[in-house]
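Structure first, commentary second.
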Amino acid sequence: MKHTLTIIILLLAASTFLAAEPERVAILLREPTLKALAEPLRTYMGDVEERFPVKLHVVARDWTTPEEVRAAIKGLHGKSGIAGVILVGAMPMHRFFLHGQPNPNPVYFEDFDLRFVDKNKDGWDDAYEGKPQLKLWVANIRATERAHQDDIPALRRFFAKTHDYYTGKAVPELRTLFFSAESRTEDWAGPGEWFKRRGGTRFSAPGDVTLLEGKGCTHKAALDAFKKHSYSLTCVALHSDETGHALDDEDLLPQEIADFKTGSLITISHGCFAANWTKTEQDNNGPNCGLSWVFGKHLGQAVVGQVRSGGVGFDDLIYERLRAGDYLGKAYLPCKQAHETEHAPGDHVPGDIVSGILMIGNPFLALKPVKREANAKAPILVIKKAVYGDLANNAVVNVTQKVADWIEDSLTVEANAENFGDPANGIEKQLKVDYTLDGVDKTVTIEEGQLLKISK
């Protein structure tokens with residue numbers, strides 16, 4: 001009888017898991033846009049729902065103001081518990097005045113409890129009241145810089161290439177590409193190591209990572225990189241604006257990016273204004289850099305970029321969540337939340353600045369880490385658990401993945417707050433690592449500031 005009861009409980013638990021509600025995501029667009037994109041949008045929704053635990057819901061209206069869009073998102077979140085929003089086409093966008101002009105401000109939709117205000121009464125909000133607590137992620141499938149233009153042909157091409165990606169017709173290589181015009185110094189191992197430490201190279205084998213650094217980050221090298229390969233992930237850690245990325249010798253221009261035949265599935269763009277389509281239109285200076293990574297001829301599907309002066313940080317949170325199995329929209333949310341939290345206290349009066357980080361393109365993309373091949377002659381080392389902080393009072397953070405990655409990539413592991421955060425402010429901290437070496441369990445604990453050394 002006990003065995004029968006156990007089986008029944010297990011079956012009930014399994015059926016409950018299988019019947020778990022998928023996440024709800026709303027697609028918002030104008031009614032004429034829906035009419036023009038009915039078939040490709042239907043295909044996109046079918047592709048996504050077949051591959052991800054989500055349920056997509058279309059909301060089409062004659063939107064005229066960002067306030068209407070925000071109210072609808074708030075209502076959908078309250079009634080249906082939506083986890084994300086996709087804005088398709090030329091949807092009304094809230095603007096936040098910062099660095100000389102009003103910039104697109106998706107946090108207006110992502111946190112609908114903040115109260116935005118226009119302090120100097122010039123027609124543009126320049127401050128907010130409240131504490132940023134983002135409720136959902138927002139993606140912008142927008143193919144044009146012009147405020148009221150959809151560019152239906154470009155949107156059709158975009159949805160066609162998402163279908164090609166989902167059905168295996170377009171397959172990005174499991175390769176990682178990194179750009180930085182900065183060079184290593186005596187005191188700094190260089191931007192490539194910085195990228196590795198953040199986890200950006202884990203989506204390709206070590207031999208399939210291309211690092212264009214310092215004097216090697218040239219215009220020719222950039223074009224050659226995309227002539228030879230496509231990429232699953234590209235990180236552009238360059239001074240930029242909406243008209244190009246500043247390589248060591250000359251800029252990589254939006255039209256050149258749009259003309260790539262290969263492309264990058266996901267691009268993280270750290271440069272100022274690179275994803276600011278309103279600035280591109282306002283200055284009338286050609287195609288937008290961020291949009292070109294997504295809506296060009298290549299397989300590119302999404303970019304996380306900046307719309308103001310500043311950069312994209314916390315991309316390590318995106319890599320961490322992608323490795324954990326989240327799709328890009330969910331992986332983007334903690335990155336965006338960290339930016340808003342940082343800029344709320346910051347060096348400014350709380351509420352007078354927003355991060356300017358946004359996501360353009362398809363949020364339903366997944367990247368799996370590529371498993372490294374072990375050296376048969378090397379000792380077998382397995383990091384079982386690593387924690388950093390005040391061990392005596394259990395004020396610690398779990399840093400197992402970081403330590404394992406860094407050791408595997410032969411990077412130094414120093415016990416400090418820069419590497420692992422500060423879970424116990426003002427208290428001396430330790431790094432404790434439990435591991436096995438050739439099947440033998442071992443433990444090592446080092447003090448703050450020391451380097452981790454593991455050997456037989």
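We name chains A, B, ... following the order of the structure tokens; residues begin at 1 in each chain, and ligands are numbered from 1 as shown.
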
Residues flagged helix (DSSP H, G or I) by DSSP in region 123-256 of chain A, as a PyMOL selection string: chain A and resi 152-166+191-197+206-208+214-216+219-228+254-256

Write a file of the selected residues as a compact mmCIF listing (two decimals), in the first residue's frame, keeping N, CA and C atoms.
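And here is the file that came out, part36.txt:
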# COMPACT_ATOMS: atom_id res chain seq x y z
N ILE A 152 7.63 48.21 -42.55
CA ILE A 152 7.08 46.86 -42.60
C ILE A 152 7.98 45.89 -43.36
N PRO A 153 8.57 46.27 -44.50
CA PRO A 153 9.46 45.32 -45.19
C PRO A 153 10.61 44.85 -44.29
N ALA A 154 11.20 45.78 -43.53
CA ALA A 154 12.32 45.40 -42.65
C ALA A 154 11.84 44.48 -41.53
N LEU A 155 10.65 44.75 -41.00
CA LEU A 155 10.11 43.88 -39.95
C LEU A 155 9.78 42.50 -40.50
N ARG A 156 9.30 42.44 -41.72
CA ARG A 156 9.05 41.14 -42.35
C ARG A 156 10.34 40.35 -42.51
N ARG A 157 11.40 41.04 -42.95
CA ARG A 157 12.70 40.36 -43.09
C ARG A 157 13.21 39.87 -41.73
N PHE A 158 12.98 40.68 -40.70
CA PHE A 158 13.44 40.29 -39.37
C PHE A 158 12.72 39.03 -38.89
N PHE A 159 11.40 39.00 -39.01
CA PHE A 159 10.66 37.82 -38.57
C PHE A 159 10.97 36.60 -39.44
N ALA A 160 11.31 36.84 -40.70
CA ALA A 160 11.71 35.71 -41.54
C ALA A 160 13.02 35.09 -41.05
N LYS A 161 13.96 35.94 -40.61
CA LYS A 161 15.22 35.36 -40.15
C LYS A 161 15.10 34.76 -38.74
N THR A 162 14.13 35.23 -37.94
CA THR A 162 13.91 34.52 -36.67
C THR A 162 13.38 33.12 -36.95
N HIS A 163 12.52 33.00 -37.96
CA HIS A 163 12.00 31.67 -38.32
C HIS A 163 13.13 30.79 -38.85
N ASP A 164 14.01 31.37 -39.65
CA ASP A 164 15.16 30.61 -40.14
C ASP A 164 16.01 30.11 -38.99
N TYR A 165 16.17 30.94 -37.96
CA TYR A 165 16.97 30.54 -36.80
C TYR A 165 16.29 29.42 -36.03
N TYR A 166 15.00 29.57 -35.77
CA TYR A 166 14.28 28.56 -34.99
C TYR A 166 14.19 27.23 -35.71
N PRO A 191 41.81 43.79 -21.47
CA PRO A 191 40.36 43.66 -21.61
C PRO A 191 39.90 42.24 -21.92
N GLY A 192 40.73 41.47 -22.62
CA GLY A 192 40.34 40.10 -22.93
C GLY A 192 40.16 39.26 -21.68
N GLU A 193 41.07 39.42 -20.73
CA GLU A 193 40.93 38.69 -19.47
C GLU A 193 39.70 39.18 -18.71
N TRP A 194 39.45 40.49 -18.76
CA TRP A 194 38.25 41.06 -18.13
C TRP A 194 37.00 40.38 -18.69
N PHE A 195 36.95 40.20 -20.01
CA PHE A 195 35.80 39.56 -20.64
C PHE A 195 35.68 38.10 -20.19
N LYS A 196 36.81 37.40 -20.11
CA LYS A 196 36.79 36.02 -19.64
C LYS A 196 36.30 35.94 -18.20
N ARG A 197 36.77 36.84 -17.35
CA ARG A 197 36.37 36.82 -15.94
C ARG A 197 34.88 37.07 -15.78
N PRO A 206 37.57 27.33 -26.00
CA PRO A 206 38.66 28.31 -25.93
C PRO A 206 39.26 28.66 -27.28
N GLY A 207 39.37 27.67 -28.17
CA GLY A 207 39.94 27.93 -29.48
C GLY A 207 39.02 28.70 -30.42
N ASP A 208 37.77 28.87 -30.01
CA ASP A 208 36.79 29.58 -30.84
C ASP A 208 36.44 30.96 -30.29
N GLY A 214 43.37 46.25 -28.23
CA GLY A 214 44.41 47.25 -28.46
C GLY A 214 44.66 47.53 -29.93
N LYS A 215 45.94 47.48 -30.32
CA LYS A 215 46.32 47.76 -31.71
C LYS A 215 45.79 46.71 -32.68
N GLY A 216 45.40 45.56 -32.14
CA GLY A 216 44.84 44.51 -32.99
C GLY A 216 43.37 44.70 -33.29
N HIS A 219 39.94 48.13 -38.08
CA HIS A 219 38.80 48.04 -38.98
C HIS A 219 38.90 46.79 -39.85
N LYS A 220 40.08 46.51 -40.38
CA LYS A 220 40.27 45.32 -41.21
C LYS A 220 40.03 44.05 -40.40
N ALA A 221 40.53 44.01 -39.16
CA ALA A 221 40.35 42.82 -38.32
C ALA A 221 38.87 42.59 -38.03
N ALA A 222 38.12 43.65 -37.82
CA ALA A 222 36.69 43.52 -37.56
C ALA A 222 35.96 42.96 -38.76
N LEU A 223 36.25 43.52 -39.94
CA LEU A 223 35.60 43.03 -41.16
C LEU A 223 36.01 41.59 -41.46
N ASP A 224 37.29 41.28 -41.25
CA ASP A 224 37.76 39.91 -41.50
C ASP A 224 37.09 38.92 -40.56
N ALA A 225 36.89 39.33 -39.31
CA ALA A 225 36.26 38.44 -38.33
C ALA A 225 34.87 38.01 -38.80
N PHE A 226 34.13 38.93 -39.42
CA PHE A 226 32.78 38.60 -39.87
C PHE A 226 32.76 38.01 -41.27
N LYS A 227 33.85 38.13 -41.99
CA LYS A 227 33.93 37.42 -43.28
C LYS A 227 34.13 35.93 -43.04
N LYS A 228 34.88 35.60 -41.99
CA LYS A 228 35.25 34.21 -41.73
C LYS A 228 34.18 33.44 -40.98
N PRO A 254 27.56 51.76 -39.09
CA PRO A 254 26.31 51.01 -39.10
C PRO A 254 26.02 50.30 -40.43
N GLN A 255 26.30 50.97 -41.54
CA GLN A 255 26.00 50.32 -42.82
C GLN A 255 26.89 49.12 -43.04
N GLU A 256 28.14 49.19 -42.57
CA GLU A 256 29.03 48.04 -42.67
C GLU A 256 28.50 46.88 -41.83

What's the 10 Å shell around region 19-26 of chain A, counting only C-alpha atoms, without same-chain residues fewer than 2 positions away, as JSON, numbers by chain? {"A": [13, 14, 15, 16, 17, 28, 29, 49, 52, 53, 54, 55, 56, 57, 58, 59, 73, 76, 77, 80, 81, 82, 83, 84, 85, 86, 87, 136, 137, 138]}

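Restricting the calculation to only C-alpha atoms, the smallest distance between Cys335 (chain A) and any of A:Val294, A:Ile268, A:Met93, A:Leu34 is found for A:Ile268.
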
Please build the interface table for region 30-121 of chain A against region 349-363 of chain A with a cut-off of 9 Å, listing for each qualifying residue the nearest atom pair and the distance in Å to one decimal; count only C-alpha atoms, order rows by chain and increasing number, and write it as a tab-separated table.
residue	atom	partner	partner_atom	distance
A:Ile86	CA	A:Pro363	CA	8.1
A:Phe96	CA	A:Val354	CA	7.9
A:Phe97	CA	A:Ile353	CA	8.9
A:Leu98	CA	A:Ile353	CA	7.3
A:Asn103	CA	A:Gly356	CA	7.8
A:Pro104	CA	A:Gly356	CA	7.5
A:Asn105	CA	A:Gly356	CA	6.4
A:Pro106	CA	A:Leu358	CA	6.6
A:Val107	CA	A:Val354	CA	7.8
A:Phe116	CA	A:Gly351	CA	8.7

For CA of Gln282 (chain A) and CA of His339 (chain A), determine how far apart the two atoms are, in Å to one decimal place. 26.0 Å

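The interatomic distance for the pair CA of Ala258 (chain A) and CA of Tyr319 (chain A) works out to 24.9 Å.
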
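Comparing the minimum interatomic distances between Phe112 (chain A) and each of A:Ala302, A:Leu253, A:Leu391, A:Ala71, counting only C-alpha atoms, we find that A:Ala71 sits nearest.
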
Please identify the strand (DSSP E or B) residues within region 91-276 of chain A (assignment by DSSP from backbone atoms) and present them as JSON, numbers by chain. {"A": [95, 96, 97, 98, 101, 102, 103, 104, 115, 116, 117, 125, 127, 128, 129, 137, 138, 139, 140, 141, 176, 177, 178, 179, 180, 209, 210, 211, 212, 213, 231, 232, 233, 234, 235, 236, 240, 241, 244, 245, 246, 251, 252, 264, 265, 266, 267, 268, 269]}

Nearest to Gly271 (chain A), chosen from A:Gly300, A:Gly75, A:Gly313, A:Gly130, with only C-alpha atoms counted in the distances: A:Gly313

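Here CA of Thr176 (chain A) and CA of Ser204 (chain A) stand 6.0 Å from one another.
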
Give me, as a ChimeraX atom specification, all polymer residues having an atom no more than 12 Å from region 409-412 of chain A, counting only C-alpha atoms and skipping those fewer than 2 positions away in the same chain. /A:189,192-199,201-202,205-207,372-374,402-407,414-416,419,450-454

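The environment of Gly325 (chain A) within 12 Å, counting only C-alpha atoms and disregarding residues fewer than 2 places along the same chain, consists of Phe52, Pro53, Ile318, Tyr319, Glu320, Arg321, Leu322, Arg323, Tyr327, Leu328, Gly329, Lys330, Ala331, Phe364, Leu365, Ala366, Leu367, Lys368 and Pro369 of chain A.
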
Serialized selection, C-alpha atoms, as a CSV table (one decimal), in the first residue's frame:
chain,number,residue,atom,x,y,z
A,52,PHE,CA,10.0,28.2,-24.7
A,53,PRO,CA,7.7,27.9,-21.6
A,318,ILE,CA,23.3,38.2,-18.5
A,319,TYR,CA,25.9,35.6,-19.1
A,320,GLU,CA,25.2,34.0,-15.7
A,321,ARG,CA,21.4,33.8,-16.4
A,322,LEU,CA,21.9,32.5,-19.9
A,323,ARG,CA,24.1,29.7,-18.5
A,327,TYR,CA,16.2,33.1,-22.4
A,328,LEU,CA,17.6,36.5,-23.2
A,329,GLY,CA,14.6,38.6,-22.0
A,330,LYS,CA,14.8,37.0,-18.5
A,331,ALA,CA,18.6,37.2,-18.5
A,364,PHE,CA,13.6,34.5,-27.0
A,365,LEU,CA,17.2,33.4,-27.6
A,366,ALA,CA,19.0,30.8,-25.5
A,367,LEU,CA,22.7,30.1,-25.3
A,368,LYS,CA,24.2,27.0,-23.7
A,369,PRO,CA,27.7,27.0,-22.3

For region 131-133 of chain A, work out the shell of residues within 9 Å, counting only C-alpha atoms and skipping chain neighbours fewer than 2 positions away, then give it as a compact mmCIF listing (two decimals) with N, CA and C atoms, in the first residue's frame.
# COMPACT_ATOMS: atom_id res chain seq x y z
N VAL A 107 12.65 52.03 -18.97
CA VAL A 107 12.34 51.77 -17.56
C VAL A 107 10.96 52.34 -17.19
N GLU A 110 9.09 49.32 -17.71
CA GLU A 110 9.56 48.18 -16.92
C GLU A 110 9.23 48.33 -15.44
N ASP A 111 9.14 49.57 -14.98
CA ASP A 111 8.71 49.84 -13.61
C ASP A 111 7.64 50.93 -13.65
N ASP A 113 5.56 51.83 -11.41
CA ASP A 113 5.22 52.47 -10.14
C ASP A 113 6.03 53.74 -9.90
N LEU A 114 7.10 53.93 -10.65
CA LEU A 114 7.86 55.17 -10.54
C LEU A 114 7.04 56.33 -11.08
N TYR A 128 12.57 61.27 -11.54
CA TYR A 128 11.49 60.39 -11.12
C TYR A 128 11.48 60.29 -9.61
N GLU A 129 10.35 59.85 -9.08
CA GLU A 129 10.19 59.68 -7.64
C GLU A 129 9.89 58.21 -7.37
N LYS A 135 9.53 45.41 -12.78
CA LYS A 135 8.50 44.36 -12.70
C LYS A 135 8.63 43.34 -13.83
N GLN A 337 18.04 45.78 -13.89
CA GLN A 337 17.73 46.15 -12.50
C GLN A 337 18.99 46.64 -11.78
N GLU A 340 19.71 50.21 -12.78
CA GLU A 340 18.82 51.21 -12.17
C GLU A 340 19.15 51.39 -10.69
N THR A 341 19.49 50.31 -10.00
CA THR A 341 19.86 50.40 -8.59
C THR A 341 21.13 51.21 -8.42
N ALA A 344 20.40 54.98 -9.03
CA ALA A 344 19.51 55.66 -8.09
C ALA A 344 20.30 56.37 -6.99
N PRO A 350 19.10 60.95 -5.96
CA PRO A 350 18.24 59.84 -6.39
C PRO A 350 17.06 60.33 -7.22
N GLY A 351 16.92 59.72 -8.40
CA GLY A 351 15.80 60.05 -9.26
C GLY A 351 16.11 60.97 -10.40

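Nearest to Glu408 (chain A) of all the residues A:Ala378, A:Ile427, A:Val117, A:Ala395 is A:Ala378, counting only C-alpha atoms.
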
Considering only C-alpha atoms, state which residue in the set A:Thr167, A:Ser264, A:Asn398, A:Thr210 is at the smallest distance from Leu299 (chain A). A:Ser264

Check the smallest atom-to-atom distance from each of A:Pro92, A:Gly286, A:Gly296, A:Gly305 to Thr267 (chain A) using only C-alpha atoms, then report the winner. A:Gly305

Contact residues around Ala147 (chain A) with only C-alpha atoms at 9 Å, ignoring same-chain residues under 4 positions, as an mmCIF file with N, CA and C atoms, in the first residue's frame:
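Contents of selection39.cif, freshly written:
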data_model
loop_
_atom_site.group_PDB
_atom_site.id
_atom_site.type_symbol
_atom_site.label_atom_id
_atom_site.label_comp_id
_atom_site.auth_asym_id
_atom_site.auth_seq_id
_atom_site.Cartn_x
_atom_site.Cartn_y
_atom_site.Cartn_z
ATOM 1 N N ALA A 90 6.705 51.061 -34.574
ATOM 2 C CA ALA A 90 6.851 52.437 -34.081
ATOM 3 C C ALA A 90 5.867 52.720 -32.948
ATOM 4 N N MET A 91 6.109 52.141 -31.801
ATOM 5 C CA MET A 91 5.273 52.370 -30.625
ATOM 6 C C MET A 91 5.689 53.654 -29.915
ATOM 7 N N PRO A 92 4.734 54.337 -29.266
ATOM 8 C CA PRO A 92 5.082 55.548 -28.515
ATOM 9 C C PRO A 92 6.084 55.226 -27.414
ATOM 10 N N MET A 93 7.163 55.998 -27.342
ATOM 11 C CA MET A 93 8.241 55.739 -26.395
ATOM 12 C C MET A 93 8.396 56.920 -25.445
ATOM 13 N N TRP A 277 18.082 55.274 -31.262
ATOM 14 C CA TRP A 277 17.533 55.529 -32.588
ATOM 15 C C TRP A 277 16.956 56.944 -32.694
ATOM 16 N N THR A 278 16.505 57.522 -31.585
ATOM 17 C CA THR A 278 15.945 58.884 -31.666
ATOM 18 C C THR A 278 17.046 59.904 -31.938
ATOM 19 N N GLU A 281 17.852 59.853 -35.655
ATOM 20 C CA GLU A 281 16.867 60.583 -36.461
ATOM 21 C C GLU A 281 17.015 62.086 -36.263
#

Using only C-alpha atoms, which protein or nucleic acid residues come within 8 Å of Tyr231 (chain A)? Drop anything in the same chain fewer than 2 positions from it, and give the result as a ChimeraX atom specification. /A:172-177,229,233-234,262-265
